[in-house]
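What follows is the content of structure_4.cif (mmCIF, C-alpha atoms).
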data_query
loop_
_atom_site.group_PDB
_atom_site.id
_atom_site.type_symbol
_atom_site.label_atom_id
_atom_site.label_comp_id
_atom_site.auth_asym_id
_atom_site.auth_seq_id
_atom_site.Cartn_x
_atom_site.Cartn_y
_atom_site.Cartn_z
ATOM 1 C CA MET A 1 0.000 0.000 0.000
ATOM 2 C CA TYR A 2 1.441 3.367 -0.967
ATOM 3 C CA ALA A 3 0.907 6.534 1.007
ATOM 4 C CA LYS A 4 -0.902 9.337 -0.747
ATOM 5 C CA SER A 5 1.552 11.907 -2.028
ATOM 6 C CA ASN A 6 1.367 15.458 -0.706
ATOM 7 C CA VAL A 7 1.898 17.271 -4.015
ATOM 8 C CA THR A 8 2.185 21.047 -3.646
ATOM 9 C CA ASN A 9 2.384 23.860 -6.193
ATOM 10 C CA GLU A 10 6.178 23.794 -5.937
ATOM 11 C CA ASP A 11 6.095 20.085 -6.841
ATOM 12 C CA GLU A 12 4.282 20.823 -10.100
ATOM 13 C CA ASP A 13 7.497 22.321 -11.557
ATOM 14 C CA LEU A 14 9.461 19.137 -10.813
ATOM 15 C CA SER A 15 9.960 16.216 -13.167
ATOM 16 C CA HIS A 16 8.425 12.839 -12.351
ATOM 17 C CA GLY A 17 11.805 11.548 -11.131
ATOM 18 C CA ASP A 18 12.302 14.632 -8.947
ATOM 19 C CA ILE A 19 8.845 14.149 -7.408
ATOM 20 C CA ILE A 20 9.677 10.521 -6.615
ATOM 21 C CA ASN A 21 13.019 11.543 -5.089
ATOM 22 C CA LYS A 22 11.321 14.246 -3.013
ATOM 23 C CA HIS A 23 8.746 11.724 -1.792
ATOM 24 C CA ILE A 24 11.548 9.312 -0.866
ATOM 25 C CA ARG A 25 13.302 12.086 1.098
ATOM 26 C CA ASP A 26 9.999 12.928 2.835
ATOM 27 C CA LEU A 27 9.536 9.260 3.748
ATOM 28 C CA GLN A 28 13.100 9.058 5.040
ATOM 29 C CA GLU A 29 12.562 12.166 7.193
ATOM 30 C CA GLU A 30 9.362 10.664 8.559
ATOM 31 C CA GLN A 31 11.165 7.372 9.215
ATOM 32 C CA ALA A 32 13.812 9.252 11.196
ATOM 33 C CA GLN A 33 11.079 10.979 13.254
ATOM 34 C CA ILE A 34 9.349 7.657 13.952
ATOM 35 C CA GLN A 35 12.641 6.042 14.982
ATOM 36 C CA ASP A 36 13.504 8.969 17.255
ATOM 37 C CA ILE A 37 10.118 8.758 18.972
ATOM 38 C CA TYR A 38 10.363 4.972 19.246
ATOM 39 C CA LYS A 39 13.781 5.232 20.906
ATOM 40 C CA LYS A 40 12.531 7.830 23.396
ATOM 41 C CA LEU A 41 9.504 5.701 24.247
ATOM 42 C CA ALA A 42 11.674 2.576 24.573
ATOM 43 C CA ARG A 43 13.925 4.463 27.018
ATOM 44 C CA PHE A 44 10.866 5.585 28.985
ATOM 45 C CA LEU A 45 9.584 2.011 29.214
ATOM 46 C CA TYR A 46 12.998 0.618 30.095
ATOM 47 C CA ALA A 47 13.661 3.261 32.758
ATOM 48 C CA ASN A 48 10.254 2.571 34.290
ATOM 49 C CA SER A 49 10.896 -1.184 34.339
ATOM 50 C CA MET A 50 8.280 -1.793 31.699
ATOM 51 C CA TYR A 51 10.771 -2.456 28.906
ATOM 52 C CA PRO A 52 9.644 -5.512 26.963
ATOM 53 C CA ILE A 53 12.047 -8.442 27.215
ATOM 54 C CA ASN A 54 11.158 -9.281 23.636
ATOM 55 C CA ASP A 55 11.977 -6.250 21.528
ATOM 56 C CA GLY A 56 9.250 -6.140 18.895
ATOM 57 C CA TYR A 57 11.127 -3.693 16.682
ATOM 58 C CA ILE A 58 13.989 -6.161 16.172
ATOM 59 C CA GLU A 59 11.506 -8.941 15.379
ATOM 60 C CA TYR A 60 9.723 -6.595 12.979
ATOM 61 C CA LEU A 61 12.963 -5.856 11.119
ATOM 62 C CA GLN A 62 13.934 -9.532 11.104
ATOM 63 C CA TYR A 63 10.573 -10.356 9.522
ATOM 64 C CA PHE A 64 11.080 -7.805 6.744
ATOM 65 C CA ILE A 65 14.631 -9.001 6.119
ATOM 66 C CA HIS A 66 13.325 -12.570 5.848
ATOM 67 C CA GLU A 67 10.591 -11.472 3.410
ATOM 68 C CA GLU A 68 13.067 -9.534 1.285
ATOM 69 C CA LYS A 69 15.409 -12.526 1.181
ATOM 70 C CA LYS A 70 12.512 -14.692 -0.034
ATOM 71 C CA LYS A 71 11.920 -12.167 -2.822
ATOM 72 C CA GLN A 72 15.612 -12.316 -3.654
ATOM 73 C CA ASN A 73 15.374 -16.085 -4.132
ATOM 74 C CA GLY A 74 12.706 -15.350 -6.715
ATOM 75 C CA ASN A 75 15.155 -13.215 -8.728
ATOM 76 C CA GLY A 76 14.252 -10.011 -6.908
ATOM 77 C CA HIS A 77 16.790 -7.211 -7.181
ATOM 78 C CA ASN A 78 16.667 -6.047 -3.594
ATOM 79 C CA THR A 79 20.181 -6.540 -2.266
ATOM 80 C CA GLN A 80 20.360 -2.877 -1.272
ATOM 81 C CA VAL A 81 17.020 -3.076 0.575
ATOM 82 C CA ILE A 82 18.256 -6.082 2.566
ATOM 83 C CA ALA A 83 21.553 -4.349 3.333
ATOM 84 C CA ASN A 84 19.708 -1.204 4.513
ATOM 85 C CA LEU A 85 17.367 -3.227 6.742
ATOM 86 C CA GLU A 86 20.290 -5.144 8.246
ATOM 87 C CA LYS A 87 22.165 -1.878 8.872
ATOM 88 C CA LEU A 88 19.071 -0.348 10.447
ATOM 89 C CA MET A 89 18.730 -3.347 12.758
ATOM 90 C CA ALA A 90 22.434 -3.336 13.695
ATOM 91 C CA ASP A 91 22.365 0.420 14.386
ATOM 92 C CA TYR A 92 19.268 0.062 16.532
ATOM 93 C CA GLU A 93 20.689 -2.874 18.497
ATOM 94 C CA SER A 94 23.923 -0.987 19.206
ATOM 95 C CA GLU A 95 22.017 2.147 20.299
ATOM 96 C CA ILE A 96 19.809 0.157 22.663
ATOM 97 C CA GLU A 97 22.784 -1.730 24.108
ATOM 98 C CA LEU A 98 24.620 1.578 24.622
ATOM 99 C CA PHE A 99 21.505 3.020 26.266
ATOM 100 C CA LYS A 100 21.178 0.011 28.587
ATOM 101 C CA LYS A 101 24.852 0.261 29.563
ATOM 102 C CA THR A 102 24.603 4.014 30.163
ATOM 103 C CA LEU A 103 21.460 3.563 32.240
ATOM 104 C CA GLN A 104 23.095 0.799 34.286
ATOM 105 C CA ASP A 105 26.206 2.937 34.835
ATOM 106 C CA GLN A 106 24.049 5.877 35.957
ATOM 107 C CA ARG A 107 22.102 3.681 38.372
ATOM 108 C CA GLU A 108 25.310 2.218 39.827
ATOM 109 C CA ALA A 109 26.794 5.711 40.238
ATOM 110 C CA GLY A 110 23.591 6.931 41.898
ATOM 111 C CA GLU A 111 23.050 9.584 39.241
ATOM 112 C CA GLU A 112 19.582 10.885 38.475
ATOM 113 C CA ILE A 113 18.295 9.532 35.172
ATOM 114 C CA LYS A 114 16.488 11.964 32.852
ATOM 115 C CA ILE A 115 13.388 10.235 31.546
ATOM 116 C CA LEU A 116 10.251 11.443 29.861
ATOM 117 C CA SER A 117 7.236 12.518 31.833
ATOM 118 C CA SER A 118 3.862 10.980 31.040
ATOM 119 C CA GLU A 119 2.826 14.264 29.368
ATOM 120 C CA GLU A 120 5.865 14.055 27.080
ATOM 121 C CA VAL A 121 4.943 10.462 26.184
ATOM 122 C CA PHE A 122 1.453 11.547 25.077
ATOM 123 C CA THR A 123 2.939 14.470 23.147
ATOM 124 C CA LEU A 124 5.279 12.104 21.290
ATOM 125 C CA ALA A 125 2.394 9.767 20.486
ATOM 126 C CA GLY A 126 0.425 12.769 19.209
ATOM 127 C CA ASN A 127 3.368 13.701 17.005
ATOM 128 C CA LEU A 128 3.118 10.286 15.364
ATOM 129 C CA TYR A 129 -0.567 10.869 14.617
ATOM 130 C CA HIS A 130 0.228 14.119 12.817
ATOM 131 C CA LEU A 131 2.921 12.831 10.481
ATOM 132 C CA PRO A 132 1.936 13.925 6.963
ATOM 133 C CA ILE A 133 2.433 10.600 5.169
ATOM 134 C CA ASN A 134 1.847 7.829 7.733
ATOM 135 C CA GLY A 135 0.015 9.664 10.535
ATOM 136 C CA LYS A 136 -3.456 8.542 9.454
ATOM 137 C CA GLN A 137 -2.340 4.907 9.219
ATOM 138 C CA ILE A 138 -0.740 5.034 12.680
ATOM 139 C CA ARG A 139 -3.912 6.592 14.121
ATOM 140 C CA ALA A 140 -6.060 3.904 12.454
ATOM 141 C CA GLN A 141 -3.832 1.117 13.810
ATOM 142 C CA VAL A 142 -3.971 2.489 17.360
ATOM 143 C CA TYR A 143 -7.751 2.896 17.074
ATOM 144 C CA GLY A 144 -8.024 -0.726 15.897
ATOM 145 C CA ILE A 145 -5.931 -1.926 18.842
ATOM 146 C CA LYS A 146 -8.067 0.040 21.300
ATOM 147 C CA LEU A 147 -11.256 -1.309 19.729
ATOM 148 C CA GLY A 148 -9.905 -4.863 19.965
ATOM 149 C CA GLU A 149 -9.030 -4.330 23.639
ATOM 150 C CA VAL A 150 -12.536 -3.088 24.409
ATOM 151 C CA GLU A 151 -14.114 -6.066 22.645
ATOM 152 C CA HIS A 152 -11.740 -8.515 24.338
ATOM 153 C CA THR A 153 -12.422 -6.990 27.753
ATOM 154 C CA ALA A 154 -16.161 -7.229 27.186
ATOM 155 C CA GLU A 155 -15.801 -10.936 26.344
ATOM 156 C CA ARG A 156 -13.761 -11.619 29.504
ATOM 157 C CA GLU A 157 -16.051 -9.847 31.959
ATOM 158 C CA LYS A 158 -18.476 -12.003 33.868
ATOM 159 C CA PHE A 159 -21.306 -10.543 35.883
ATOM 160 C CA VAL A 160 -22.492 -12.550 38.837
ATOM 161 C CA GLU A 161 -25.697 -11.882 40.719
ATOM 162 C CA LEU A 162 -24.987 -12.140 44.411
ATOM 163 C CA PRO A 163 -27.638 -13.287 46.842
ATOM 164 C CA ALA A 164 -29.242 -10.501 48.865
ATOM 165 C CA LYS A 165 -27.630 -11.709 52.105
ATOM 166 C CA ALA A 166 -24.147 -11.266 50.530
ATOM 167 C CA ALA A 167 -24.558 -7.485 50.741
ATOM 168 C CA LYS A 168 -24.598 -7.747 54.547
ATOM 169 C CA SER A 169 -21.541 -10.013 54.799
ATOM 170 C CA LYS A 170 -18.444 -8.805 56.639
ATOM 171 C CA VAL A 171 -16.303 -8.815 53.465
ATOM 172 C CA MET A 172 -18.851 -6.794 51.456
ATOM 173 C CA LEU A 173 -19.205 -4.231 54.251
ATOM 174 C CA GLN A 174 -15.409 -3.836 54.360
ATOM 175 C CA LEU A 175 -15.260 -3.525 50.580
ATOM 176 C CA THR A 176 -18.015 -0.905 50.640
ATOM 177 C CA ASN A 177 -16.027 1.134 53.172
ATOM 178 C CA ILE A 178 -12.894 0.908 51.009
ATOM 179 C CA VAL A 179 -14.475 1.947 47.705
ATOM 180 C CA ALA A 180 -17.178 4.286 49.019
ATOM 181 C CA PRO A 181 -16.567 7.941 48.161
ATOM 182 C CA GLN A 182 -15.226 9.876 51.119
#

Before anything else, please render the file you have as structure tokens.
Amino acid sequence: MYAKSNVTNEDEDLSHGDIINKHIRDLQEEQAQIQDIYKKLARFLYANSMYPINDGYIEYLQYFIHEEKKKQNGNGHNTQVIANLEKLMADYESEIELFKKTLQDQREAGEEIKILSSEEVFTLAGNLYHLPINGKQIRAQVYGIKLGEVEHTAEREKFVELPAKAAKSKVMLQLTNIVAPQ
């Protein structure tokens, strides 16, 4: 699926090849923004002990490398694509390892670690939604995930009718005192 091009009046004076090259540069700039935000969010999660043991980004890149290699077996001319994906993965792995080491060194030295606030996290997520080329797709994916969570939660919930005498039990009275508005 190709993203819709944002052709402006200045683009009308460009040749077809120049328009394609400009679109590639725009995509590369957007990729850099997405990677920067991802790294900041990964640091936030790691620093707050919520860092996933399984790094999905690495698995994602490995999947694409595997798919591109399958295309190559079918006489695809994508050696450069594979090389770029492998470089991207290696760069990311080295940055994350450096980050982990730096964070560990800071913790051992007792230094304060600068991490994002929750407001900054939401701002970064909002920045992803407003990307000109892929923002709508990111927003749609997040909406789909949220919708799936709501549906899954609804399927898991079980409502149980308690007998009338349960409301007077010691446990229910204690629970009422805990959750009752003060």

note = Expressed in Å, the length from atom CA of Lys165 of chain A to atom CA of Asn177 of chain A is 17.3 Å

inquiry  = Report, in Å to a single decimal, how far apart atom CA of Leu98 of chain A and atom CA of His66 of chain A are.
reply    = 26.1 Å

message = Running the PyMOL selection byres ((chain A and resi 100) around 12) on this model by hand, what would come out? Give it as number ranges by chain.
response = A: 39, 42-47, 49, 51, 93-99, 101-107, 113

Residue nearest Arg25 of chain A - candidates A:Ala109, A:Ile133, A:Ala154, A:Met89, atoms counted: all atoms listed in the file = A:Ile133

ask   = So what does the PyMOL selection byres ((chain A and resi 117-126) around 10) actually pick up in this one, as a count of residues only?
value = 19

query = atom CA of Glu68 of chain A and atom CA of Val81 of chain A are how many Å apart?
reply =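 These two atoms are separated by 7.6 Å.
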
task = Return the single residue from A:Leu85, A:Leu27, A:Val160, A:Ile19 that is closest to Pro132 of chain A, with distances computed using all atoms listed in the file.
result =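 Of A:Leu85, A:Leu27, A:Val160, A:Ile19, the one nearest Pro132 of chain A, counting all atoms listed in the file, is A:Leu27.
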
Skipping near chain neighbours, those fewer than 2 positions away, what residues fall within 12 Å of Ile82 of chain A using all atoms listed in the file, listed as a PDB file with C-alpha atoms, in the coordinates of the input?
ATOM      1  CA  LEU A  61      12.963  -5.856  11.119  1.00  0.00           C
ATOM      2  CA  GLN A  62      13.934  -9.532  11.104  1.00  0.00           C
ATOM      3  CA  TYR A  63      10.573 -10.356   9.522  1.00  0.00           C
ATOM      4  CA  PHE A  64      11.080  -7.805   6.744  1.00  0.00           C
ATOM      5  CA  ILE A  65      14.631  -9.001   6.119  1.00  0.00           C
ATOM      6  CA  HIS A  66      13.325 -12.570   5.848  1.00  0.00           C
ATOM      7  CA  GLU A  67      10.591 -11.472   3.410  1.00  0.00           C
ATOM      8  CA  GLU A  68      13.067  -9.534   1.285  1.00  0.00           C
ATOM      9  CA  LYS A  69      15.409 -12.526   1.181  1.00  0.00           C
ATOM     10  CA  LYS A  70      12.512 -14.692  -0.034  1.00  0.00           C
ATOM     11  CA  LYS A  71      11.920 -12.167  -2.822  1.00  0.00           C
ATOM     12  CA  GLN A  72      15.612 -12.316  -3.654  1.00  0.00           C
ATOM     13  CA  GLY A  76      14.252 -10.011  -6.908  1.00  0.00           C
ATOM     14  CA  HIS A  77      16.790  -7.211  -7.181  1.00  0.00           C
ATOM     15  CA  ASN A  78      16.667  -6.047  -3.594  1.00  0.00           C
ATOM     16  CA  THR A  79      20.181  -6.540  -2.266  1.00  0.00           C
ATOM     17  CA  GLN A  80      20.360  -2.877  -1.272  1.00  0.00           C
ATOM     18  CA  ASN A  84      19.708  -1.204   4.513  1.00  0.00           C
ATOM     19  CA  LEU A  85      17.367  -3.227   6.742  1.00  0.00           C
ATOM     20  CA  GLU A  86      20.290  -5.144   8.246  1.00  0.00           C
ATOM     21  CA  LYS A  87      22.165  -1.878   8.872  1.00  0.00           C
ATOM     22  CA  LEU A  88      19.071  -0.348  10.447  1.00  0.00           C
ATOM     23  CA  MET A  89      18.730  -3.347  12.758  1.00  0.00           C
TER      24      MET A  89
END
